[in-house]
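Undergrad: What follows is the file upload-v6.tsv, containing TSV, C-alpha atoms and all ligand atoms:
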```tsv
chain	number	residue	atom	x	y	z
A	27	MET	CA	59.23	130.30	86.23
A	28	ARG	CA	57.85	127.93	88.87
A	29	ALA	CA	55.48	128.94	91.68
A	30	LEU	CA	57.06	128.47	95.11
A	31	GLU	CA	55.42	129.15	98.44
A	32	TYR	CA	57.57	130.00	101.45
A	33	VAL	CA	56.48	129.77	105.10
A	34	ARG	CA	58.53	130.38	108.23
A	35	ALA	CA	57.40	127.83	110.84
A	36	ALA	CA	56.70	129.15	114.35
A	37	ASP	CA	57.23	125.82	116.10
A	38	ALA	CA	58.20	122.23	115.35
A	39	ALA	CA	54.60	120.95	115.34
A	40	GLU	CA	53.62	123.51	112.71
A	41	ALA	CA	56.66	122.65	110.57
A	42	VAL	CA	55.84	118.94	110.72
A	43	GLU	CA	52.17	119.52	109.90
A	44	LEU	CA	52.93	121.76	106.94
A	45	VAL	CA	55.42	119.39	105.31
A	46	SER	CA	53.51	116.20	106.17
A	47	GLY	CA	50.34	117.64	104.64
A	48	ASP	CA	51.88	118.48	101.27
A	49	PRO	CA	53.85	115.91	99.23
A	50	ARG	CA	55.62	118.76	97.39
A	51	ALA	CA	56.77	120.52	100.58
A	52	ALA	CA	60.32	120.46	102.00
A	53	PHE	CA	62.07	121.78	105.10
A	54	LEU	CA	64.63	124.54	104.66
A	55	ALA	CA	67.47	124.82	107.20
A	56	GLY	CA	70.81	126.39	106.12
A	57	GLY	CA	69.80	125.85	102.48
A	58	THR	CA	73.30	124.87	101.34
A	59	THR	CA	72.07	121.63	99.76
A	60	GLN	CA	68.38	122.33	99.27
A	61	LEU	CA	68.79	125.59	97.34
A	62	ASP	CA	71.62	124.19	95.17
A	63	LEU	CA	69.40	121.31	94.07
A	64	MET	CA	66.50	123.67	93.37
A	65	LYS	CA	68.70	125.97	91.29
A	66	ASP	CA	69.91	122.96	89.29
A	67	GLY	CA	66.31	121.84	88.70
A	68	VAL	CA	66.82	118.53	90.52
A	69	LEU	CA	64.28	119.34	93.24
A	70	ASN	CA	61.17	121.40	92.59
A	71	PRO	CA	59.28	121.78	95.88
A	72	GLY	CA	56.02	123.73	95.80
A	73	LEU	CA	56.39	124.82	99.44
A	74	LEU	CA	59.51	125.56	101.46
A	75	VAL	CA	59.03	125.46	105.22
A	76	ASP	CA	61.80	127.48	106.84
A	77	ILE	CA	62.72	125.93	110.20
A	78	THR	CA	65.55	128.29	111.13
A	79	ARG	CA	63.56	130.07	113.87
A	80	LEU	CA	62.77	126.87	115.77
A	81	PRO	CA	64.43	126.54	119.20
A	82	LEU	CA	66.74	123.69	118.17
A	83	ARG	CA	70.09	125.43	118.61
A	84	GLY	CA	71.44	124.15	121.93
A	85	ILE	CA	74.55	122.06	122.66
A	86	GLU	CA	74.27	120.55	126.13
A	87	PRO	CA	76.28	117.88	127.94
A	88	GLN	CA	73.82	115.54	129.69
A	89	GLY	CA	75.87	113.03	131.66
A	90	GLU	CA	77.83	110.95	129.18
A	91	VAL	CA	75.91	112.29	126.18
A	92	LEU	CA	76.17	115.53	124.24
A	93	GLN	CA	72.70	116.72	123.24
A	94	VAL	CA	72.93	118.69	119.98
A	95	GLY	CA	69.99	120.60	118.45
A	96	ALA	CA	69.31	120.00	114.76
A	97	LEU	CA	69.84	123.67	113.91
A	98	VAL	CA	73.29	123.96	115.51
A	99	THR	CA	75.67	124.85	112.70
A	100	MET	CA	78.65	122.70	111.81
A	101	GLU	CA	80.98	125.51	112.88
A	102	GLU	CA	79.24	125.93	116.28
A	103	LEU	CA	79.47	122.22	117.02
A	104	ALA	CA	83.12	122.09	115.95
A	105	ALA	CA	83.85	124.89	118.45
A	106	ASP	CA	82.23	123.10	121.39
A	107	PRO	CA	84.86	122.47	124.11
A	108	VAL	CA	83.26	119.28	125.46
A	109	LEU	CA	83.18	117.76	121.98
A	110	ALA	CA	86.77	118.80	121.32
A	111	GLN	CA	87.94	117.16	124.53
A	112	ARG	CA	85.86	113.99	124.55
A	113	ALA	CA	85.25	113.25	120.86
A	114	PRO	CA	87.93	114.84	118.69
A	115	VAL	CA	86.87	112.48	115.88
A	116	VAL	CA	83.61	114.42	115.49
A	117	ARG	CA	85.29	117.80	115.58
A	118	GLU	CA	87.87	116.72	113.00
A	119	ALA	CA	85.15	115.32	110.72
A	120	LEU	CA	83.23	118.59	110.91
A	121	LEU	CA	86.27	120.72	110.15
A	122	ALA	CA	87.23	118.46	107.23
A	123	GLY	CA	83.90	119.28	105.58
A	124	ALA	CA	82.97	122.08	103.19
A	125	SER	CA	84.39	125.57	103.91
A	126	THR	CA	84.17	127.96	106.86
A	127	GLN	CA	81.48	129.99	105.08
A	128	LEU	CA	79.38	126.90	104.39
A	129	ARG	CA	79.91	125.51	107.88
A	130	ASN	CA	78.53	128.74	109.33
A	131	MET	CA	75.26	128.20	107.43
A	132	ALA	CA	75.02	124.43	107.32
A	133	THR	CA	73.16	122.72	110.15
A	134	ILE	CA	73.68	119.34	111.76
A	135	GLY	CA	70.21	118.07	110.72
A	136	GLY	CA	70.77	119.23	107.14
A	137	ASN	CA	74.23	117.69	107.05
A	138	LEU	CA	72.86	114.26	107.96
A	139	LEU	CA	70.22	114.60	105.23
A	140	GLN	CA	72.38	115.99	102.42
A	141	ARG	CA	71.74	114.40	99.05
A	142	PRO	CA	74.39	112.56	97.00
A	143	ARG	CA	77.03	114.46	95.07
A	144	CYS	CA	76.64	112.13	92.07
A	145	ARG	CA	77.05	114.32	88.96
A	146	TYR	CA	74.35	112.33	87.13
A	147	PHE	CA	71.86	112.77	89.97
A	148	ARG	CA	72.58	116.50	89.94
A	149	ASP	CA	72.04	116.89	86.20
A	150	PRO	CA	68.37	116.56	85.23
A	151	ALA	CA	69.42	116.37	81.56
A	152	VAL	CA	70.81	112.87	82.27
A	153	PRO	CA	67.92	110.47	81.71
A	154	ARG	CA	69.19	107.51	83.77
A	155	CYS	CA	69.13	107.96	87.55
A	156	ASN	CA	67.18	105.61	89.80
A	157	LYS	CA	67.23	108.20	92.57
A	158	ARG	CA	65.62	110.94	90.50
A	159	GLU	CA	63.46	108.67	88.37
A	160	PRO	CA	62.96	105.25	89.99
A	161	GLY	CA	63.38	102.47	87.44
A	162	SER	CA	65.23	104.61	84.88
A	163	GLY	CA	68.66	103.01	85.47
A	164	CYS	CA	72.01	104.34	86.71
A	165	ALA	CA	74.24	106.43	84.45
A	166	ALA	CA	77.17	106.20	86.88
A	167	VAL	CA	77.61	102.42	86.66
A	168	ASP	CA	79.05	102.68	83.15
A	169	GLY	CA	79.98	106.37	83.43
A	170	THR	CA	82.59	108.39	85.30
A	171	ALA	CA	82.50	106.94	88.80
A	172	ARG	CA	85.67	108.07	90.53
A	173	MET	CA	83.73	109.63	93.44
A	174	HIS	CA	81.32	106.72	93.83
A	175	ALA	CA	80.85	103.92	96.35
A	176	ILE	CA	81.98	100.31	96.64
A	177	LEU	CA	80.05	99.16	99.73
A	178	GLY	CA	76.27	98.94	100.13
A	179	VAL	CA	75.79	99.38	96.39
A	180	SER	CA	74.44	97.46	93.41
A	181	GLU	CA	74.09	98.09	89.69
A	182	ARG	CA	70.96	100.10	90.57
A	183	CYS	CA	72.91	102.89	92.34
A	184	ILE	CA	76.51	103.47	93.41
A	185	ALA	CA	76.13	106.95	94.91
A	186	VAL	CA	78.32	107.64	97.92
A	187	HIS	CA	76.93	109.16	101.12
A	188	ALA	CA	78.71	112.51	101.37
A	189	SER	CA	78.55	113.52	105.05
A	190	ASP	CA	81.84	113.42	106.98
A	191	LEU	CA	80.03	114.16	110.23
A	192	ALA	CA	77.76	111.11	109.85
A	193	VAL	CA	80.79	108.81	109.52
A	194	ALA	CA	82.14	109.97	112.88
A	195	LEU	CA	78.68	109.87	114.50
A	196	VAL	CA	77.91	106.37	113.25
A	197	ALA	CA	81.16	105.16	114.81
A	198	LEU	CA	80.10	106.62	118.17
A	199	ASP	CA	76.56	105.15	118.10
A	200	ALA	CA	74.82	108.52	117.90
A	201	VAL	CA	71.03	108.63	118.01
A	202	VAL	CA	68.80	110.84	115.84
A	203	GLN	CA	65.76	112.44	117.46
A	204	VAL	CA	62.78	112.79	115.18
A	205	GLN	CA	59.38	114.45	115.46
A	206	GLY	CA	56.50	113.41	113.22
A	207	LEU	CA	52.71	113.71	113.10
A	208	SER	CA	52.33	110.77	115.48
A	209	GLY	CA	54.88	111.96	118.03
A	210	ARG	CA	58.59	111.67	118.69
A	211	ARG	CA	60.95	108.77	118.14
A	212	GLU	CA	64.64	108.06	118.45
A	213	VAL	CA	66.57	106.19	115.77
A	214	PRO	CA	70.15	104.94	116.21
A	215	LEU	CA	72.23	106.36	113.36
A	216	THR	CA	73.32	102.80	112.50
A	217	GLU	CA	69.65	102.11	111.61
A	218	PHE	CA	68.80	105.54	110.21
A	219	TYR	CA	70.23	105.15	106.70
A	220	ARG	CA	69.20	102.82	103.89
A	221	THR	CA	71.91	101.67	101.53
A	222	ALA	CA	71.60	102.16	97.78
A	223	ALA	CA	71.58	98.37	97.49
A	224	GLN	CA	68.48	98.26	99.69
A	225	SER	CA	66.72	101.20	98.04
A	226	PRO	CA	68.19	103.76	95.65
A	227	GLU	CA	65.00	105.83	96.04
A	228	SER	CA	65.17	106.57	99.76
A	229	GLU	CA	68.37	107.19	101.67
A	230	ASN	CA	66.97	107.01	105.19
A	231	VAL	CA	64.02	105.82	107.26
A	232	LEU	CA	62.33	109.22	107.67
A	233	ALA	CA	58.74	109.51	106.51
A	234	HIS	CA	57.90	112.62	104.48
A	235	GLY	CA	57.37	115.46	106.96
A	236	GLU	CA	59.36	113.95	109.84
A	237	LEU	CA	61.66	116.56	111.34
A	238	ILE	CA	65.06	115.89	112.90
A	239	THR	CA	65.01	117.83	116.16
A	240	GLY	CA	68.39	116.79	117.53
A	241	VAL	CA	71.18	114.26	117.81
A	242	GLU	CA	72.46	112.51	120.93
A	243	VAL	CA	76.20	111.96	120.75
A	244	PRO	CA	77.49	109.42	123.30
A	245	LEU	CA	80.81	110.71	124.60
A	246	PRO	CA	83.64	108.15	124.72
A	247	PRO	CA	85.30	107.81	128.14
A	248	ALA	CA	87.62	110.77	128.86
A	249	GLY	CA	91.04	110.16	127.34
A	250	THR	CA	89.83	107.83	124.56
A	251	PRO	CA	91.99	108.70	121.56
A	252	SER	CA	90.00	109.22	118.38
A	253	GLY	CA	90.50	110.86	115.01
A	254	TYR	CA	89.20	111.36	111.48
A	255	LEU	CA	91.32	110.96	108.36
A	256	LYS	CA	89.95	112.21	105.05
A	257	VAL	CA	91.69	111.52	101.75
A	258	ARG	CA	90.65	113.80	98.91
A	259	ASP	CA	91.84	115.20	95.60
A	260	ARG	CA	92.81	118.55	97.12
A	261	ALA	CA	93.57	119.66	100.64
A	262	SER	CA	90.35	121.52	101.40
A	263	TYR	CA	86.85	122.20	100.19
A	264	GLU	CA	86.46	118.75	98.65
A	265	PHE	CA	84.45	115.63	99.38
A	266	ALA	CA	86.18	112.43	100.53
A	267	LEU	CA	87.57	109.85	98.17
A	268	THR	CA	87.94	107.73	101.28
A	269	SER	CA	87.80	108.53	104.98
A	270	ALA	CA	88.04	106.75	108.31
A	271	ALA	CA	86.72	107.64	111.77
A	272	VAL	CA	88.47	105.74	114.53
A	273	ALA	CA	88.25	105.55	118.34
A	274	LEU	CA	90.53	103.10	120.14
A	275	VAL	CA	91.41	102.21	123.69
A	276	VAL	CA	94.77	100.43	123.92
A	277	SER	CA	96.23	99.20	127.18
A	278	GLY	CA	99.30	97.06	127.67
A	279	GLY	CA	99.72	97.03	123.89
A	280	VAL	CA	96.30	95.34	123.41
A	281	ILE	CA	93.23	96.94	121.82
A	282	ARG	CA	90.44	96.86	124.41
A	283	HIS	CA	87.86	98.95	122.56
A	284	ALA	CA	87.54	99.82	118.87
A	285	ARG	CA	85.11	101.88	116.81
A	286	VAL	CA	85.49	102.29	113.07
A	287	GLY	CA	83.44	104.28	110.54
A	288	LEU	CA	84.24	104.58	106.84
A	289	GLY	CA	83.33	107.41	104.48
A	290	GLY	CA	83.68	108.07	100.76
A	291	VAL	CA	83.26	104.38	100.02
A	292	ALA	CA	79.69	103.51	100.90
A	293	SER	CA	76.15	104.53	100.07
A	294	ALA	CA	75.52	105.15	103.78
A	295	PRO	CA	77.87	106.20	106.61
A	296	TRP	CA	79.57	102.84	107.12
A	297	ARG	CA	80.11	101.16	110.46
A	298	ALA	CA	82.93	98.64	109.86
A	299	ARG	CA	81.91	96.07	112.46
A	300	ASP	CA	84.01	93.25	110.97
A	301	ALA	CA	87.07	95.47	111.26
A	302	GLU	CA	86.17	96.26	114.88
A	303	ARG	CA	85.92	92.54	115.68
A	304	GLU	CA	89.36	91.97	114.14
A	305	LEU	CA	90.82	94.78	116.28
A	306	ARG	CA	89.25	93.93	119.62
A	307	ASP	CA	91.58	92.08	122.01
A	308	ALA	CA	94.34	91.98	119.37
A	309	PRO	CA	97.81	93.52	119.71
A	310	ALA	CA	97.98	97.12	118.47
A	311	THR	CA	100.33	96.37	115.59
A	312	LEU	CA	100.54	97.14	111.91
A	313	ASP	CA	99.64	93.52	111.09
A	314	THR	CA	96.43	93.75	113.10
A	315	PHE	CA	95.52	97.04	111.44
A	316	ARG	CA	96.09	95.57	107.98
A	317	ARG	CA	93.92	92.55	108.78
A	318	ALA	CA	91.17	94.83	110.07
A	319	ALA	CA	91.38	96.99	106.94
A	320	ALA	CA	91.08	93.92	104.70
A	321	ARG	CA	87.96	92.86	106.61
A	322	ALA	CA	86.51	96.36	106.25
A	323	VAL	CA	86.35	96.14	102.43
A	324	GLU	CA	85.18	92.53	102.15
A	325	GLY	CA	82.16	92.40	99.88
A	326	ALA	CA	83.14	95.52	97.94
A	327	TRP	CA	81.34	95.83	94.58
A	328	THR	CA	83.31	97.87	92.09
A	329	VAL	CA	83.09	99.27	88.58
A	330	PRO	CA	86.28	100.24	86.71
A	331	GLY	CA	86.14	103.83	88.02
A	332	THR	CA	85.88	102.81	91.68
A	333	ALA	CA	88.23	99.79	91.78
A	334	PHE	CA	91.09	101.91	93.18
A	335	LYS	CA	89.07	102.57	96.34
A	336	VAL	CA	89.46	99.00	97.61
A	337	GLU	CA	93.17	99.61	98.17
A	338	LEU	CA	92.83	103.29	99.09
A	339	ALA	CA	90.19	102.61	101.74
A	340	GLN	CA	92.45	100.03	103.39
A	341	ARG	CA	95.43	102.37	103.38
A	342	THR	CA	93.28	105.15	104.80
A	343	LEU	CA	92.03	102.97	107.62
A	344	VAL	CA	95.48	101.59	108.45
A	345	ARG	CA	96.90	105.11	108.64
A	346	ALA	CA	94.01	106.34	110.80
A	347	LEU	CA	94.45	103.39	113.18
A	348	ARG	CA	98.21	103.93	113.38
A	349	THR	CA	97.77	107.62	114.10
A	350	VAL	CA	95.14	107.14	116.79
A	351	ALA	CA	97.02	104.24	118.44
A	352	GLY	CA	100.41	105.98	118.10
A	353	VAL	CA	101.95	103.03	116.23
A	354	ALA	CA	104.85	103.79	113.91
A	355	ALA	CA	104.99	102.38	110.36
B	1	LIG	C1	80.47	123.25	97.92
B	1	LIG	C2	80.05	122.36	99.05
B	1	LIG	C3	81.00	121.55	99.65
B	1	LIG	C4	80.61	120.71	100.70
B	1	LIG	N1	81.56	119.89	101.26
B	1	LIG	C5	81.16	119.03	102.23
B	1	LIG	C6	82.08	118.12	102.80
B	1	LIG	O1	83.26	118.08	102.44
B	1	LIG	N2	81.63	117.29	103.78
B	1	LIG	C7	80.33	117.29	104.21
B	1	LIG	O2	79.98	116.52	105.10
B	1	LIG	N3	79.44	118.13	103.68
B	1	LIG	C8	79.82	118.98	102.70
B	1	LIG	N4	78.91	119.81	102.14
B	1	LIG	C9	77.51	119.63	102.47
B	1	LIG	C10	77.05	120.53	103.59
B	1	LIG	O3	77.64	120.10	104.79
B	1	LIG	C11	75.54	120.37	103.63
B	1	LIG	O4	75.05	121.03	102.48
B	1	LIG	C12	74.92	120.99	104.85
B	1	LIG	O5	75.38	120.40	106.02
B	1	LIG	C13	73.41	120.86	104.79
B	1	LIG	O6	72.86	121.58	105.87
B	1	LIG	P1	71.81	122.72	105.62
B	1	LIG	O7	71.40	123.21	106.96
B	1	LIG	O8	72.32	123.75	104.67
B	1	LIG	O9	70.65	121.87	104.94
B	1	LIG	P2	69.57	122.27	103.83
B	1	LIG	O10	70.22	122.49	102.53
B	1	LIG	O11	68.67	123.35	104.35
B	1	LIG	O12	68.73	120.93	103.83
B	1	LIG	C14	69.29	119.72	103.35
B	1	LIG	C15	68.17	118.66	103.31
B	1	LIG	O13	67.81	118.30	104.62
B	1	LIG	C16	66.44	118.61	104.88
B	1	LIG	N5	66.46	119.10	106.27
B	1	LIG	C17	67.28	120.07	106.77
B	1	LIG	N6	67.13	120.13	108.11
B	1	LIG	C18	66.21	119.19	108.44
B	1	LIG	C19	65.67	118.75	109.69
B	1	LIG	N7	66.04	119.29	110.86
B	1	LIG	N8	64.75	117.73	109.67
B	1	LIG	C20	64.37	117.16	108.50
B	1	LIG	N9	64.84	117.55	107.30
B	1	LIG	C21	65.78	118.54	107.28
B	1	LIG	C22	66.04	119.63	103.83
B	1	LIG	O14	64.66	119.57	103.51
B	1	LIG	C23	66.89	119.15	102.66
B	1	LIG	O15	66.29	118.04	102.03
B	1	LIG	C24	79.26	120.68	101.13
B	1	LIG	C25	78.32	121.52	100.53
B	1	LIG	C26	78.69	122.35	99.49
B	1	LIG	C27	77.65	123.21	98.85
B	2	LIG	S1	74.75	106.46	91.24
B	2	LIG	FE1	72.68	106.65	92.10
B	2	LIG	S2	72.39	108.86	92.13
B	2	LIG	FE2	74.06	108.49	90.66
B	2	LIG	S3	73.12	108.16	88.63
B	2	LIG	FE3	73.26	106.18	89.58
B	2	LIG	S4	71.23	105.93	90.53
B	2	LIG	FE4	71.51	108.12	90.20
```
Kindly return the structure encoded in the file as structure tokens.
Ligand SMILES: Cc1cc2nc3c(=O)[nH]c(=O)nc-3n(C[C@H](O)[C@H](O)[C@H](O)COP(=O)(O)OP(=O)(O)OC[C@H]3O[C@@H](n4cnc5c(N)ncnc54)[C@H](O)[C@@H]3O)c2cc1C
Ligand code: SF4
TA:
Amino acid sequence: MRALEYVRAADAAEAVELVSGDPRAAFLAGGTTQLDLMKDGVLNPGLLVDITRLPLRGIEPQGEVLQVGALVTMEELAADPVLAQRAPVVREALLAGASTQLRNMATIGGNLLQRPRCRYFRDPAVPRCNKREPGSGCAAVDGTARMHAILGVSERCIAVHASDLAVALVALDAVVQVQGLSGRREVPLTEFYRTAAQSPESENVLAHGELITGVEVPLPPAGTPSGYLKVRDRASYEFALTSAAVALVVSGGVIRHARVGLGGVASAPWRARDAERELRDAPATLDTFRRAAARAVEGAWTVPGTAFKVELAQRTLVRALRTVAGVAA
């Protein structure tokens, strides 16, 4: 049995102080990732700081931005009428994730910080995992890697980033609000994550003890069609093999505005900027979509288990673009 201290934080400053002051401390929100990893013996915090009583539960439209508290649950955000109307891509990504029961517990902050679903990372009996034990190697590279990544990876780690929500938010240029010992800061989601190629050890730019307090979601202009397509091994309750978040404005048959995020294929929620450049000012046709999809997977690094994702990711993106633009096959 391991000793574990539990404290319920009264306010954000106390939560930050408690976790910052103890290298073995961790925040606890909905617990759907944190407690799983503790039960499996992957994480062994000495102190859990429960943040669920903090006043971070609001969803508020502020002009052209939706301000979302870090403790809003996935289900609450999915039910928000402003989000549903202005950014269906985010709603669809939320509802494609986990199960209703989990979404009622799981928070937005926790979702953005969920750890990889790599089976080797989640099994402490496996000796090689650079995320668990920096420098020990990567068991997935020559193991079973069907669920792993092809972008932003290297032989040091090929773990996929698992959040569907983050893929939609990265496409919309969302901003993460953070509180630390030295004050508050805002980090664009596109700069928030580190790829496994950059650093297998740390998946984001947060310092230990920094608390996500909220997320600012810029709302696309009213009427902007958007959508999320998730391809997976079964219809529900499964992580993405590949996914695509798309927002497009097409007028006169020409694409005026394009946003593309990819999931299931990268070690961080992936903004496909090369694909966006290919789409912008081009005719909204199948040919354009195929060219954009090819650009999106340029630079893919595969192992035998993940090679199929190069083709699948392109097909996923083409179908998502066709659906959002209303272009027939
Ligand atoms: C069976 C299963 C299926 C799932 N399927 C999907 C899926 O298909 N798609 C998907 O996107 N997700 C899926 N998930 C993941 C789920 O969405 C996340 O577990 C959940 O969103 C995490 O939120 P939480 O509040 O429970 O976080 P917790 O488990 O409480 O915390 C997760 C991590 O974030 C840290 N943390 C939490 N909140 C904050 C904060 N505000 N500031 C700083 N650190 C914080 C914690 O210390 C911990 O390290 C699935 C989970 C399970 C168990
Ligand atoms: S893919 Fe990453 S998380 Fe999985 S075993 Fe390799 S180093 Fe660990």
Undergrad: I'd like the neighbourhood of Val202 (chain A) as number ranges by chain, where a residue qualifies if any of its atoms comes within 8 Å (using all atoms listed in the file), though same-chain residues fewer than 4 positions away should be ignored.
TA: A: 212-215, 218, 238-242
Undergrad: Using all atoms listed in the file, find each residue of chain A with at least one atom at most 7 Å away from an atom of ligand LIG 2 (chain B); report its shortest atom-to-atom pair and that distance in Å (one decimal), sort the rows by chain and rising residue number, and return the result as JSON lines.
TA:
```
{"residue": "A:Pro142", "atom": "CA", "partner": "B:LIG2", "partner_atom": "S2", "distance": 6.4}
{"residue": "A:Cys144", "atom": "CA", "partner": "B:LIG2", "partner_atom": "FE2", "distance": 4.7}
{"residue": "A:Arg145", "atom": "CA", "partner": "B:LIG2", "partner_atom": "FE2", "distance": 6.8}
{"residue": "A:Tyr146", "atom": "CA", "partner": "B:LIG2", "partner_atom": "S3", "distance": 4.6}
{"residue": "A:Phe147", "atom": "CA", "partner": "B:LIG2", "partner_atom": "S2", "distance": 4.5}
{"residue": "A:Arg154", "atom": "CA", "partner": "B:LIG2", "partner_atom": "S3", "distance": 6.3}
{"residue": "A:Cys155", "atom": "CA", "partner": "B:LIG2", "partner_atom": "FE4", "distance": 3.6}
{"residue": "A:Asn156", "atom": "CA", "partner": "B:LIG2", "partner_atom": "S4", "distance": 4.1}
{"residue": "A:Lys157", "atom": "CA", "partner": "B:LIG2", "partner_atom": "FE4", "distance": 4.9}
{"residue": "A:Arg158", "atom": "CA", "partner": "B:LIG2", "partner_atom": "FE4", "distance": 6.5}
{"residue": "A:Gly163", "atom": "CA", "partner": "B:LIG2", "partner_atom": "S4", "distance": 6.4}
{"residue": "A:Cys164", "atom": "CA", "partner": "B:LIG2", "partner_atom": "FE3", "distance": 3.6}
{"residue": "A:Ala165", "atom": "CA", "partner": "B:LIG2", "partner_atom": "S3", "distance": 4.7}
{"residue": "A:Ala166", "atom": "CA", "partner": "B:LIG2", "partner_atom": "FE3", "distance": 4.8}
{"residue": "A:Val167", "atom": "CA", "partner": "B:LIG2", "partner_atom": "FE3", "distance": 6.4}
{"residue": "A:Arg182", "atom": "CA", "partner": "B:LIG2", "partner_atom": "S4", "distance": 5.8}
{"residue": "A:Cys183", "atom": "CA", "partner": "B:LIG2", "partner_atom": "FE1", "distance": 3.8}
{"residue": "A:Ile184", "atom": "CA", "partner": "B:LIG2", "partner_atom": "S1", "distance": 4.1}
{"residue": "A:Ala185", "atom": "CA", "partner": "B:LIG2", "partner_atom": "S1", "distance": 4.0}
{"residue": "A:Pro226", "atom": "CA", "partner": "B:LIG2", "partner_atom": "S4", "distance": 6.3}
```
Undergrad: Would you mind listing the residues within 8 Å of ligand LIG 1 (chain B), counting all atoms listed in the file, as a count of residues only?
TA: 52
Undergrad: Between A:Gly249, A:Arg143, A:His174, A:Arg258, which one has atoms that come closest to Val336 (chain A), using all atoms listed in the file?
TA: A:His174
Undergrad: Find the spatial neighbours of Arg321 (chain A), counting only C-alpha atoms, within a cut-off of 8 Å - ignore same-chain residues fewer than 5 positions away - and output them as a list of chain:residue names.
TA: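 Counting only the stated atoms, we get A:Asp300, A:Ala301, A:Glu304.
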Undergrad: Calculate how many Å separate CA of His234 (chain A) from CA of Ala35 (chain A), rounding to one decimal.
TA: 16.5 Å
Undergrad: Missing atoms in region 281-292 of chain A: can you complete it with N, CA and C atoms, as an mmCIF file, keeping the file's coordinate frame?
TA:
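Output file part.cif is given in full below:
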```cif
data_model
loop_
_atom_site.group_PDB
_atom_site.id
_atom_site.type_symbol
_atom_site.label_atom_id
_atom_site.label_comp_id
_atom_site.auth_asym_id
_atom_site.auth_seq_id
_atom_site.Cartn_x
_atom_site.Cartn_y
_atom_site.Cartn_z
ATOM 1 N N ILE A 281 94.395 96.076 122.122
ATOM 2 C CA ILE A 281 93.230 96.940 121.820
ATOM 3 C C ILE A 281 92.040 96.435 122.636
ATOM 4 N N ARG A 282 91.556 97.278 123.550
ATOM 5 C CA ARG A 282 90.440 96.860 124.410
ATOM 6 C C ARG A 282 89.098 97.295 123.832
ATOM 7 N N HIS A 283 89.121 98.372 123.032
ATOM 8 C CA HIS A 283 87.860 98.950 122.560
ATOM 9 C C HIS A 283 88.153 99.570 121.189
ATOM 10 N N ALA A 284 87.294 99.294 120.212
ATOM 11 C CA ALA A 284 87.540 99.820 118.870
ATOM 12 C C ALA A 284 86.242 100.230 118.194
ATOM 13 N N ARG A 285 86.250 101.406 117.607
ATOM 14 C CA ARG A 285 85.110 101.880 116.810
ATOM 15 C C ARG A 285 85.650 102.360 115.471
ATOM 16 N N VAL A 286 85.010 101.918 114.404
ATOM 17 C CA VAL A 286 85.490 102.290 113.070
ATOM 18 C C VAL A 286 84.315 102.670 112.164
ATOM 19 N N GLY A 287 84.394 103.873 111.581
ATOM 20 C CA GLY A 287 83.440 104.280 110.540
ATOM 21 C C GLY A 287 84.212 104.586 109.263
ATOM 22 N N LEU A 288 83.590 104.298 108.127
ATOM 23 C CA LEU A 288 84.240 104.580 106.840
ATOM 24 C C LEU A 288 83.384 105.533 106.024
ATOM 25 N N GLY A 289 84.043 106.476 105.345
ATOM 26 C CA GLY A 289 83.330 107.410 104.480
ATOM 27 C C GLY A 289 83.934 107.412 103.079
ATOM 28 N N GLY A 290 83.200 107.965 102.133
ATOM 29 C CA GLY A 290 83.680 108.070 100.760
ATOM 30 C C GLY A 290 83.599 106.762 99.984
ATOM 31 N N VAL A 291 83.242 105.690 100.667
ATOM 32 C CA VAL A 291 83.260 104.380 100.020
ATOM 33 C C VAL A 291 81.912 103.669 100.043
ATOM 34 N N ALA A 292 80.938 104.249 100.712
ATOM 35 C CA ALA A 292 79.690 103.510 100.900
ATOM 36 C C ALA A 292 78.479 104.407 100.654
#
```
